[in-house]
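Engineer: Would you mind keeping the following structure in view while I ask a few things?
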Amino acid sequence: MSTRPNRHPGPCAVCGTTVPAQAGPLSRTQGRWTVHCTDHPPAASDENRRDDQPPAQPPVEVRYTGTETECAALVQALKLTPHMQVMRVSDLTPRREKPGRHSVYAHVRIDPRLLAAIAREEAQE
Ligand SMILES: [Zn+2]
């Protein structure tokens, strides 16, 4: 896998934040150059990736909004889901416009084998 600094500013492949020129590593993902902000370096799992595996995708981003307890329950449910790995969970953020409501963001990596199985099921419908 080749990496080099970005020559032009561009959106982070994970969060969309604009990365200034020379400030983030470019990586080549399925034939496309993508840039990453300092919070989202190119998939850490690349280190132990084997050549026979497809390139790692950026993690899925989910946001839960609800009471603090509801958000905690949903994050917990995600952590217990087989073949899904919760990479990172943000702090609970109070929603200013909705008193009593909080949001939490999580990054989730879904096992490619699960995705492949779901894609096969969809193709049969
Ligand atoms: Zn980012």
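Residues in the structure tokens are numbered from 1 in each chain, the chains being A, B, ... in the order shown, and ligands are numbered from 1 in the order shown.
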Give me, as a Markdown table, each residue of chain A that comes within 9 Å of ligand 1, together with its shortest interatomic pair and the distance in Å at one decimal, counting only C-alpha atoms and all ligand atoms, with rows ordered by chain and rising residue number.
Structural biologist:
| residue | atom | partner | partner_atom_place_in_ligand_line | distance |
| --- | --- | --- | --- | --- |
| A:Pro11 | CA | ligand 1 | 1 (Zn) | 8.0 |
| A:Cys12 | CA | ligand 1 | 1 (Zn) | 4.7 |
| A:Ala13 | CA | ligand 1 | 1 (Zn) | 6.5 |
| A:Val14 | CA | ligand 1 | 1 (Zn) | 4.9 |
| A:Cys15 | CA | ligand 1 | 1 (Zn) | 4.1 |
| A:Gly16 | CA | ligand 1 | 1 (Zn) | 6.1 |
| A:Thr17 | CA | ligand 1 | 1 (Zn) | 5.8 |
| A:Thr18 | CA | ligand 1 | 1 (Zn) | 8.4 |
| A:Val19 | CA | ligand 1 | 1 (Zn) | 8.3 |
| A:Val35 | CA | ligand 1 | 1 (Zn) | 8.8 |
| A:His36 | CA | ligand 1 | 1 (Zn) | 5.8 |
| A:Cys37 | CA | ligand 1 | 1 (Zn) | 4.4 |
| A:Thr38 | CA | ligand 1 | 1 (Zn) | 6.7 |
| A:Asp39 | CA | ligand 1 | 1 (Zn) | 5.2 |
| A:His40 | CA | ligand 1 | 1 (Zn) | 4.5 |
| A:Pro41 | CA | ligand 1 | 1 (Zn) | 7.7 |
Engineer: Using the chain letters and numbers from this document, which residues of stretch 80-125 of chain A does DSSP assign to helix (DSSP H, G or I), as a CSV table (one decimal) with C-alpha atoms, in the first residue's frame?
Structural biologist:
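selection.csv, freshly written:
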chain,number,residue,atom,x,y,z
A,80,LEU,CA,-22.8,-7.2,21.4
A,112,PRO,CA,-16.5,-8.2,5.2
A,113,ARG,CA,-17.8,-11.8,5.4
A,114,LEU,CA,-21.1,-10.5,6.9
A,115,LEU,CA,-21.3,-7.8,4.2
A,116,ALA,CA,-20.7,-10.5,1.5
A,117,ALA,CA,-23.4,-12.7,2.9
A,118,ILE,CA,-25.9,-9.8,3.0
A,119,ALA,CA,-25.0,-8.8,-0.6
A,120,ARG,CA,-25.7,-12.4,-1.7
A,121,GLU,CA,-29.1,-12.4,0.1
A,122,GLU,CA,-30.0,-9.1,-1.6
A,123,ALA,CA,-29.0,-10.4,-5.0
A,124,GLN,CA,-31.5,-13.3,-4.5
Engineer: Could you tell me how far atom CA of A:Lys79 sits from atom CA of A:Thr34, in Å to one decimal place?
Structural biologist: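 Calculated distance between atom CA of A:Thr34 and atom CA of A:Lys79 is 28.2 Å.
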Engineer: Output as an MDAnalysis selection string all residues of chain A that backbone DSSP marks as strand (DSSP E).
Structural biologist: chainID A and resid 3:5 10:11 18:19 25:29 32:35 60:66 84:89 93:94 102:110
Engineer: Can you list, as a list in words, every protein, DNA or RNA residue that comes within 12 Å of A:Val89 when you count only C-alpha atoms, leaving out same-chain residues fewer than 2 positions away?
Structural biologist: Pro59, Val60, Glu61, Val62, Arg63, Tyr64, Cys71, Ala72, Leu74, Val75, Gln76, Leu78, Lys79, Gln85, Val86, Met87, Asp91, Leu92, Thr93, Ser103, Val104, Tyr105, Ala106, His107 and Val108 of chain A
Engineer: With N, CA and C atoms kept, could you save the residues just selected as a PDB file, in the first residue's frame?
Structural biologist:
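The resulting file, result16.pdb, is reproduced below:
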ATOM      1  N   PRO A  59     -14.463   3.067   8.461  1.00  0.00           N
ATOM      2  CA  PRO A  59     -15.531   2.504   9.284  1.00  0.00           C
ATOM      3  C   PRO A  59     -16.881   3.148   8.979  1.00  0.00           C
ATOM      4  N   VAL A  60     -17.934   2.415   9.251  1.00  0.00           N
ATOM      5  CA  VAL A  60     -19.285   2.949   9.139  1.00  0.00           C
ATOM      6  C   VAL A  60     -19.478   3.939  10.289  1.00  0.00           C
ATOM      7  N   GLU A  61     -20.157   5.036  10.031  1.00  0.00           N
ATOM      8  CA  GLU A  61     -20.422   6.000  11.099  1.00  0.00           C
ATOM      9  C   GLU A  61     -21.900   5.949  11.443  1.00  0.00           C
ATOM     10  N   VAL A  62     -22.191   5.825  12.721  1.00  0.00           N
ATOM     11  CA  VAL A  62     -23.586   5.845  13.156  1.00  0.00           C
ATOM     12  C   VAL A  62     -23.761   6.924  14.202  1.00  0.00           C
ATOM     13  N   ARG A  63     -24.946   7.470  14.267  1.00  0.00           N
ATOM     14  CA  ARG A  63     -25.271   8.451  15.298  1.00  0.00           C
ATOM     15  C   ARG A  63     -26.562   8.036  15.952  1.00  0.00           C
ATOM     16  N   TYR A  64     -26.549   7.989  17.258  1.00  0.00           N
ATOM     17  CA  TYR A  64     -27.757   7.732  18.002  1.00  0.00           C
ATOM     18  C   TYR A  64     -28.191   9.028  18.669  1.00  0.00           C
ATOM     19  N   CYS A  71     -28.986   6.077  24.491  1.00  0.00           N
ATOM     20  CA  CYS A  71     -27.758   6.063  23.680  1.00  0.00           C
ATOM     21  C   CYS A  71     -26.811   4.985  24.195  1.00  0.00           C
ATOM     22  N   ALA A  72     -26.653   4.920  25.526  1.00  0.00           N
ATOM     23  CA  ALA A  72     -25.748   3.918  26.100  1.00  0.00           C
ATOM     24  C   ALA A  72     -26.236   2.513  25.759  1.00  0.00           C
ATOM     25  N   LEU A  74     -27.993   1.577  23.146  1.00  0.00           N
ATOM     26  CA  LEU A  74     -27.797   1.280  21.729  1.00  0.00           C
ATOM     27  C   LEU A  74     -26.325   1.003  21.414  1.00  0.00           C
ATOM     28  N   VAL A  75     -25.432   1.763  22.050  1.00  0.00           N
ATOM     29  CA  VAL A  75     -24.006   1.495  21.846  1.00  0.00           C
ATOM     30  C   VAL A  75     -23.679   0.096  22.368  1.00  0.00           C
ATOM     31  N   GLN A  76     -24.248  -0.243  23.517  1.00  0.00           N
ATOM     32  CA  GLN A  76     -24.018  -1.562  24.095  1.00  0.00           C
ATOM     33  C   GLN A  76     -24.532  -2.662  23.157  1.00  0.00           C
ATOM     34  N   LEU A  78     -24.812  -2.513  19.969  1.00  0.00           N
ATOM     35  CA  LEU A  78     -23.914  -2.607  18.816  1.00  0.00           C
ATOM     36  C   LEU A  78     -22.665  -3.405  19.180  1.00  0.00           C
ATOM     37  N   LYS A  79     -22.161  -3.176  20.394  1.00  0.00           N
ATOM     38  CA  LYS A  79     -20.951  -3.890  20.821  1.00  0.00           C
ATOM     39  C   LYS A  79     -21.204  -5.393  20.929  1.00  0.00           C
ATOM     40  N   GLN A  85     -17.591  -4.547  14.809  1.00  0.00           N
ATOM     41  CA  GLN A  85     -16.619  -4.129  15.803  1.00  0.00           C
ATOM     42  C   GLN A  85     -16.750  -2.626  16.002  1.00  0.00           C
ATOM     43  N   VAL A  86     -17.080  -2.213  17.219  1.00  0.00           N
ATOM     44  CA  VAL A  86     -17.194  -0.795  17.519  1.00  0.00           C
ATOM     45  C   VAL A  86     -15.786  -0.254  17.737  1.00  0.00           C
ATOM     46  N   MET A  87     -15.363   0.646  16.816  1.00  0.00           N
ATOM     47  CA  MET A  87     -13.981   1.131  16.850  1.00  0.00           C
ATOM     48  C   MET A  87     -13.839   2.299  17.817  1.00  0.00           C
ATOM     49  N   ASP A  91     -18.065  11.056  23.015  1.00  0.00           N
ATOM     50  CA  ASP A  91     -18.770  11.421  24.234  1.00  0.00           C
ATOM     51  C   ASP A  91     -20.206  11.765  23.880  1.00  0.00           C
ATOM     52  N   LEU A  92     -21.085  11.636  24.843  1.00  0.00           N
ATOM     53  CA  LEU A  92     -22.476  12.059  24.646  1.00  0.00           C
ATOM     54  C   LEU A  92     -22.518  13.576  24.530  1.00  0.00           C
ATOM     55  N   THR A  93     -23.202  14.053  23.519  1.00  0.00           N
ATOM     56  CA  THR A  93     -23.321  15.495  23.317  1.00  0.00           C
ATOM     57  C   THR A  93     -24.766  15.914  23.530  1.00  0.00           C
ATOM     58  N   SER A 103     -26.754  13.072  21.719  1.00  0.00           N
ATOM     59  CA  SER A 103     -26.301  12.313  20.559  1.00  0.00           C
ATOM     60  C   SER A 103     -24.974  11.661  20.877  1.00  0.00           C
ATOM     61  N   VAL A 104     -24.767  10.493  20.325  1.00  0.00           N
ATOM     62  CA  VAL A 104     -23.477   9.820  20.419  1.00  0.00           C
ATOM     63  C   VAL A 104     -23.150   9.278  19.040  1.00  0.00           C
ATOM     64  N   TYR A 105     -21.888   9.412  18.669  1.00  0.00           N
ATOM     65  CA  TYR A 105     -21.426   8.905  17.377  1.00  0.00           C
ATOM     66  C   TYR A 105     -20.565   7.677  17.624  1.00  0.00           C
ATOM     67  N   ALA A 106     -20.632   6.744  16.726  1.00  0.00           N
ATOM     68  CA  ALA A 106     -19.768   5.569  16.829  1.00  0.00           C
ATOM     69  C   ALA A 106     -19.247   5.204  15.446  1.00  0.00           C
ATOM     70  N   HIS A 107     -18.042   4.710  15.436  1.00  0.00           N
ATOM     71  CA  HIS A 107     -17.461   4.154  14.218  1.00  0.00           C
ATOM     72  C   HIS A 107     -17.487   2.643  14.358  1.00  0.00           C
ATOM     73  N   VAL A 108     -17.982   1.995  13.339  1.00  0.00           N
ATOM     74  CA  VAL A 108     -18.184   0.553  13.401  1.00  0.00           C
ATOM     75  C   VAL A 108     -17.536  -0.094  12.182  1.00  0.00           C
TER      76      VAL A 108
END
Engineer: Would you mind telling me which residue in A:Gly100, A:Gly66, A:Gly10, A:Pro5 lies nearest to A:Ser27 when using only C-alpha atoms?
Structural biologist: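 Of all the options, A:Pro5 lies closest to A:Ser27.
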Engineer: Using only C-alpha atoms, find the one residue out of A:Met84, A:Gln30, A:Ala73, A:Thr67 that sits nearest to A:Pro99.
Structural biologist: A:Thr67
